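Okay, so here's the structure we're looking at.
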Amino acid sequence: MKRRDFIKSAAATVAMSLPFLARAAAPFRLGLTPVFLDNDALIIDRLRSSVSAAMGEPAVLIQRRTYQEITAMLLDGSVEAAWICGYPYLQHQDRLTLIGVPQWRGQPLYQSYLITDVSDTAQSLADLKGGTHAFSDPDSNSGYLVTATDLARGGSTPVEFFARTIYTYGHRNVVRSVAGGLTRSGSVDGYVWETLAQVEPSLTQRTRVVARSEWMGFPPFAARKDRATSESVRRFATILKSLDASDVGREVLELLYLDKIVEGEESLFDSIRLRMADLPERR
Amino acid sequence: MIRKAWREWPVTLRVAIATGALMVLLGLIASQQVLSTLSSLQNERLREVAQSHVGGLKVALGSFVLHRDVWEVYDALDRAGSEGAGARILFSAVADDRGRVLASSDPSRAPIDFEFEALLNDAVPVQEVTASEGRNSVRIVEPLFVQGREVGSLLTELDVSDLLAQRRSTSLALLAANSVATLLLALTGYWVVARLLRPAELLTSQMGASGVAPQKIPAEDIERTDSAFAPLLHNFNSMIDAIDAQREAERRLADRERFVSLGRLSSSLAHEINNPLGGLLNAADTIRTYSNRPDVVRSSADILDRGLKHLRDVSRAILEENRRDRSSALLSLEDFDDLKILFEPEANRHGQQLDWNVDSEHSTASTFPSAPIRQIALNLLLNASSAAGKGGRVGFVVRAKSNGLDLKVTDNGPGLSEHARQRLLSGTPVEPGGGVGLRLVRELVGELGGEVALERIGDLTSVLVHLPDRAPDQ
């Protein structure tokens, strides 16, 4: 940690003393979270190359295991922008701003799925009491908040309701956990599950969707408010929203099974906001 | 039964079979050794394979187990089992330091928090892994360490069916190769031994079965045999020659014996001829002197006639004895008359009393050959005469019986010496110095299938010869 701090501070010193050099040399850094199939190296590479091509400068895609790490990097300026979940976006809404929201199947919305093994007879969340449950990430809306608030509304908590809960730090891992029998049920991003059903049907076929949440704002691209006006962030926001206009961009959108990236309204995330209100301790 | 059958087989076959059996035994021992080495090598390979699998997992799992990160443990096990090299992993489970399952590759078999101990069964540490027949998997349990602290345990079940199949096929290939090699060795052994023993076999076959005379080994057969055996075979041929020579010598000796007998009789026979000559000359003078007296001439002519007839009989008997051949005419009463003519002067010369008693009505006598029986009787009579001494008694009895012919020669001599007895009654070698007359009697009687016996009653020694009936063609 000390070594990393040293490098960071050294880099900051250099950047301050030689601003033009630093700007010219520093690539555009985009943080990514497992809100999509972040395990697919092809998608990551295509996304990076298309962003680089469109920006006219090298781009670096940064992945971390947890949402929290990427959010922290976004907040401390280690990345210029990040594709994060609506939940952490709302948690830090005072310091973050939307720069684009993906549109999937005609609307910038998605759902959270509650899934079990295909042979499980559970019909609702209540039937899963006492079982093991896989969450994606404690800062994930679809992979944690939805189920946690559903339980909170019933006067329970995940720890009380389930015999054991685990975090898989990836929506695909939640599906794997349930399909493999590690846990009886799981909370997963509906967009990821549906995309997996197309690219990896053998995995989703072993699971069954027990419950779908209400429609909620799709995980957005966000940037720090104080950097929103910087040239690179503005240029990146423009590129995002015009991906569907170029062949390279459309190819990336096709790989992500998305229609396009739209401006996005704050109101898209109202349903998440409502759920957050039911979990005051996690706000 | 088997042992008897085994003994009846040719020695070549028996030695070759024994050689083959030894080769098979050798092959079995060699195979066992190789299989044992192969087994330990494969166990070593198995341990290496197990070590590489378990070692990789241990490194990957350590920190996850320390943090009790269920998902990461599961992810590591799942990926280890599904990726190419992990196809060997049938099952794996990881427990924390409390002995509870954190995650397993098959949660239906070992869910989270399952009792780890219940999974262990016959699991062993990786260094003790061995492949046992009939089991296609091995179970390994290994502790997990992080910075020297034991944080949990790993159980892995590895599929070793391919290694076992490989081991089986290698073993089978080895056994097949060994069997072929053993068969080749056994056949080669048989061939070599049969070749080495060929002279022995040749010798055995030429030696002949019992009762069949040995045959000489042809020179070309000797040339073909092993040079080391050639002297032996040459020696065998020399022995056959020596036996033939001995037989020939014996035959000649037997022939000569007849002349010897006559020789022994010659002086008495000379007297037998000489004695009547004086009477005959007197008769001739008487006829010349009293030629005018018919009664004297007539009586002298009678004397001349009787004397000349006697001389004729004596000479005929001598000629007959000389002319006789072993396989000539059959025995008749005339033969015994001849014998009496030949022997009587000898008895008279010694002043011996001769009791001549020939059964004139014998009918079976005609089936016996004349020459050997005359030789037997003459030899025994001469022997009896010399034993009886001056003024002794010699007896000769011939009886025809229903089962053959009996000859009995008696004398009142001192009895047969031990040497003479052996010559007459046993087949022991004749010691030099003695005559061959009695031994010849024994051999001739033997050839006719008869028996010789000796008895002494009072002062009389009797030699009894029984000759069994013979078919007319024999």
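Identifiers in this document derive from the order of the structure tokens: chains are assigned A, B, ..., residues are numbered from 1 separately in each chain, and ligands are numbered from 1 in order of occurrence.
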Interface list for chain B, partner chain A, 7 Å threshold, only C-alpha atoms, as a count of residues only: 5
Write out as a PyMOL selection string which residues come within 10 Å of Asp94 in chain A when counting only C-alpha atoms, dropping same-chain ones fewer than 5 positions away. chain A and resi 89+224-225
Write the residues of the preceding selection, restricted to N, CA and C atoms, as an mmCIF file, in the first residue's frame.
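Generated output (selection14.cif):
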data_model
loop_
_atom_site.group_PDB
_atom_site.id
_atom_site.type_symbol
_atom_site.label_atom_id
_atom_site.label_comp_id
_atom_site.auth_asym_id
_atom_site.auth_seq_id
_atom_site.Cartn_x
_atom_site.Cartn_y
_atom_site.Cartn_z
ATOM 1 N N TYR A 89 -24.541 4.798 -7.649
ATOM 2 C CA TYR A 89 -24.701 6.145 -8.225
ATOM 3 C C TYR A 89 -25.545 7.007 -7.291
ATOM 4 N N ARG A 224 -17.442 12.100 -12.128
ATOM 5 C CA ARG A 224 -17.480 13.000 -10.978
ATOM 6 C C ARG A 224 -18.008 14.355 -11.458
ATOM 7 N N LYS A 225 -18.871 14.924 -10.617
ATOM 8 C CA LYS A 225 -19.510 16.182 -11.023
ATOM 9 C C LYS A 225 -18.486 17.238 -11.376
#
For the strand (DSSP E) assignment from backbone DSSP, which residues of range 14-245 of chain A qualify? Please present them as a PyMOL selection string. chain A and resi 28-32+59-63+81-83+96-103+109-110+112-117+132-135+164-167+185-189+207-212+216-217+221-224
Exercise: Ser315 in chain B partners within 10 Å, only C-alpha atoms, chain neighbours under 6 positions left out, as a list in words: Leu269, Ile273, Lys309, Glu321, Ile341 and Leu342 of chain B
Looking only at the backbone, which of the residues in range 28-253 of chain A does DSSP tag as helix (DSSP H, G or I), as a count of residues only? 99
With a distance cut-off of 6 Å and only C-alpha atoms, select the neighbouring residues of Pro220 in chain A, excluding the residue or stretch itself and same-chain residues fewer than 5 positions from it, and output the selection as a PyMOL selection string. chain A and resi 83-84+100-101
